[in-house]
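In what follows, a structure is listed as structure tokens, so that the remarks can point back to it.
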Amino acid sequence: MLDVTFTPAEFTALRQRDISQTVCVVFDVLRATSSMVTALANGAHEIIPVCEVAEAVALRQARPDLLLAGERDGVRILRAQTGSVDFDLGNSPREFTRERVAGRSIAMTTTNGTRALQACRGARRVLVGSFLNLGAVVGWLARERVERLLVVCSGTHEEAAYEDVLGTGALCDAVWEQFSAGHVADSAQVAREIYRRGAADLLSAVAAANNARRLLALPDLRDDVALCLQRDAFNLVAEMTADGAVRVLAP
């Protein structure tokens with residue numbers, strides 16, 4: 001079985017659906033899952049995704065060594081939103097350098113990506129997907145002979161996000177032979193076809209998308225778009241484990 005969800009409206013349905021035998025791969029290309037993969041590649045110990053700003057602040061109060069990362073409306077969360085502290089990091093993968101994150105635990109909240117991960121908590125396995133680690137995820141799915149795969153687009157606010165559909169479609173295209181003999185949902189076919197139309201020039205493909213347009217208009221963030229579309233920059237698989245933390249999955 002190969003299936004895709006496109007919008008945050010499906011997060012609630014996921015919590016009510018039996019996905020206990022399903023592997024989920026979550027994409028938030030611009031930028032949460034790309035930032036998570038980058039942080040782990042640069043030596044972060046773990047990332048704890050939470051839905052609300054208050055949850056992240058409460059974790060910091062319990063664990064003062066935690067870094068706080070995340071965004072609202074695309075920009076770093078500040079004291080005016082928390083009532084107490086500025087977040088250490090925003091949601092740009094360029095912020096998650098080895099100097100800043102190596103060996104550290106990070107509590108992270110974003111508009112959509114962390115919500116999508118939380119919605120998948122009932123799955124057999126939950127992986128973090130991005131263009132940056134796509135090949136590693138594809139290899140893991142093949143080695144594990146996964147039979148039930150659900151690919152989750154995080155979306156933007158309550159809408160679908162074109163860049164997530166592209167990432168999801170790239171994964172579907174890469175695993176097509178593995179799943180084509182079984183049930184393949186029309187949503188997976190749609191995602192794959194959209195990716196195939198844009199694959200030759202991903203940057204041009206996403207340039208008109210809402211998220212990309214917003215980021216490209218901001219001098220401090222415009223470089224994130226091209227960075228997040230780099231394929232296979234990191235050879236790692238990241239998994240959200242039963243305790244709710246995202247860590248590098250051991251080979």
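The chains in the structure tokens are called A, B, ... from first to last as shown; in each chain the residues are counted from 1, and the ligands are counted from 1 in the order shown.
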
Sorted per-residue table, region 71-98 of chain A near region 105-125 of chain A, closest atoms and distance, 12 Å, only C-alpha atoms, as JSON lines:
```
{"residue": "A:Glu71", "atom": "CA", "partner": "A:Thr110", "partner_atom": "CA", "distance": 5.1}
{"residue": "A:Arg72", "atom": "CA", "partner": "A:Thr111", "partner_atom": "CA", "distance": 5.9}
{"residue": "A:Asp73", "atom": "CA", "partner": "A:Thr111", "partner_atom": "CA", "distance": 7.4}
{"residue": "A:Gly74", "atom": "CA", "partner": "A:Thr111", "partner_atom": "CA", "distance": 8.1}
{"residue": "A:Val75", "atom": "CA", "partner": "A:Thr110", "partner_atom": "CA", "distance": 9.7}
{"residue": "A:Arg76", "atom": "CA", "partner": "A:Thr110", "partner_atom": "CA", "distance": 9.6}
{"residue": "A:Ile77", "atom": "CA", "partner": "A:Thr109", "partner_atom": "CA", "distance": 9.3}
{"residue": "A:Phe87", "atom": "CA", "partner": "A:Met108", "partner_atom": "CA", "distance": 9.4}
{"residue": "A:Asp88", "atom": "CA", "partner": "A:Ile106", "partner_atom": "CA", "distance": 9.5}
{"residue": "A:Leu89", "atom": "CA", "partner": "A:Met108", "partner_atom": "CA", "distance": 9.0}
{"residue": "A:Gly90", "atom": "CA", "partner": "A:Met108", "partner_atom": "CA", "distance": 9.0}
{"residue": "A:Asn91", "atom": "CA", "partner": "A:Thr110", "partner_atom": "CA", "distance": 7.6}
{"residue": "A:Ser92", "atom": "CA", "partner": "A:Thr110", "partner_atom": "CA", "distance": 11.2}
{"residue": "A:Phe96", "atom": "CA", "partner": "A:Ile106", "partner_atom": "CA", "distance": 10.3}
```

*List the neighbours of Tyr162 (chain A) out to 10 Å using only C-alpha atoms; skip same-chain residues closer than 5 positions along the sequence, and give me the result as a ChimeraX atom specification.*
/A:6,29-30,153,155-156,167-168,191,194-195,205-212

*Taking the DSSP assignment computed from this structure's backbone, write out as a count of residues only all residues of region 89-186 of chain A that belong to helix (DSSP H, G or I).*
46

*Shell around region 93-95 of chain A at 12 Å using only C-alpha atoms, local window under 5 positions removed, as a VMD selection string*: chain A and resid 29 to 42 69 to 70 76 88 100 to 101 130 132 220 to 230

_Could you check the closest approach to Gly139 (chain A) for each of A:Val248, A:Val165, A:Leu236, A:Val190 and tell me which residue wins, using only C-alpha atoms?_
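Checking each candidate against Gly139 (chain A), we get A:Leu236 as the closest.
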
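Of the listed residues (A:Phe27, A:Ala181, A:Arg214, A:Thr22), A:Phe27 comes nearest to Gly169 (chain A); the distances count only C-alpha atoms.
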
*Select, from A:Val57, A:Leu203, A:Phe131, A:Val137, the residue with the minimum atom-to-atom distance to Leu78 (chain A), counting only C-alpha atoms.*
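Between A:Val57, A:Leu203, A:Phe131, A:Val137, the residue approaching Leu78 (chain A) most closely is A:Val57.
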
*DSSP on the backbone: what in region 58-185 of chain A comes out strand (DSSP E), as a PyMOL selection string?*
chain A and resi 67-72+75-76+105-109+125-129+149-153

*Which of A:Thr7, A:Thr12, A:Gln21, A:Gln61 sits closest to Val146 (chain A) [using only C-alpha atoms]*: A:Gln21

_To one decimal place in Å, what is the distance between CA of Val23 (chain A) and CA of Gly43 (chain A)?_
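CA of Gly43 (chain A) lies at a distance of 25.1 Å from CA of Val23 (chain A).
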
*What separation in Å, quoted to one decimal, exists between CA of Ala56 (chain A) and CA of Ser84 (chain A)?*
11.7 Å

*List the neighbours of Ala185 (chain A) out to 8 Å using only C-alpha atoms; skip same-chain residues closer than 4 positions along the sequence, and give me the result as a list in words.*
Met1, Leu2, Asp3, Val4 and Gln189 of chain A
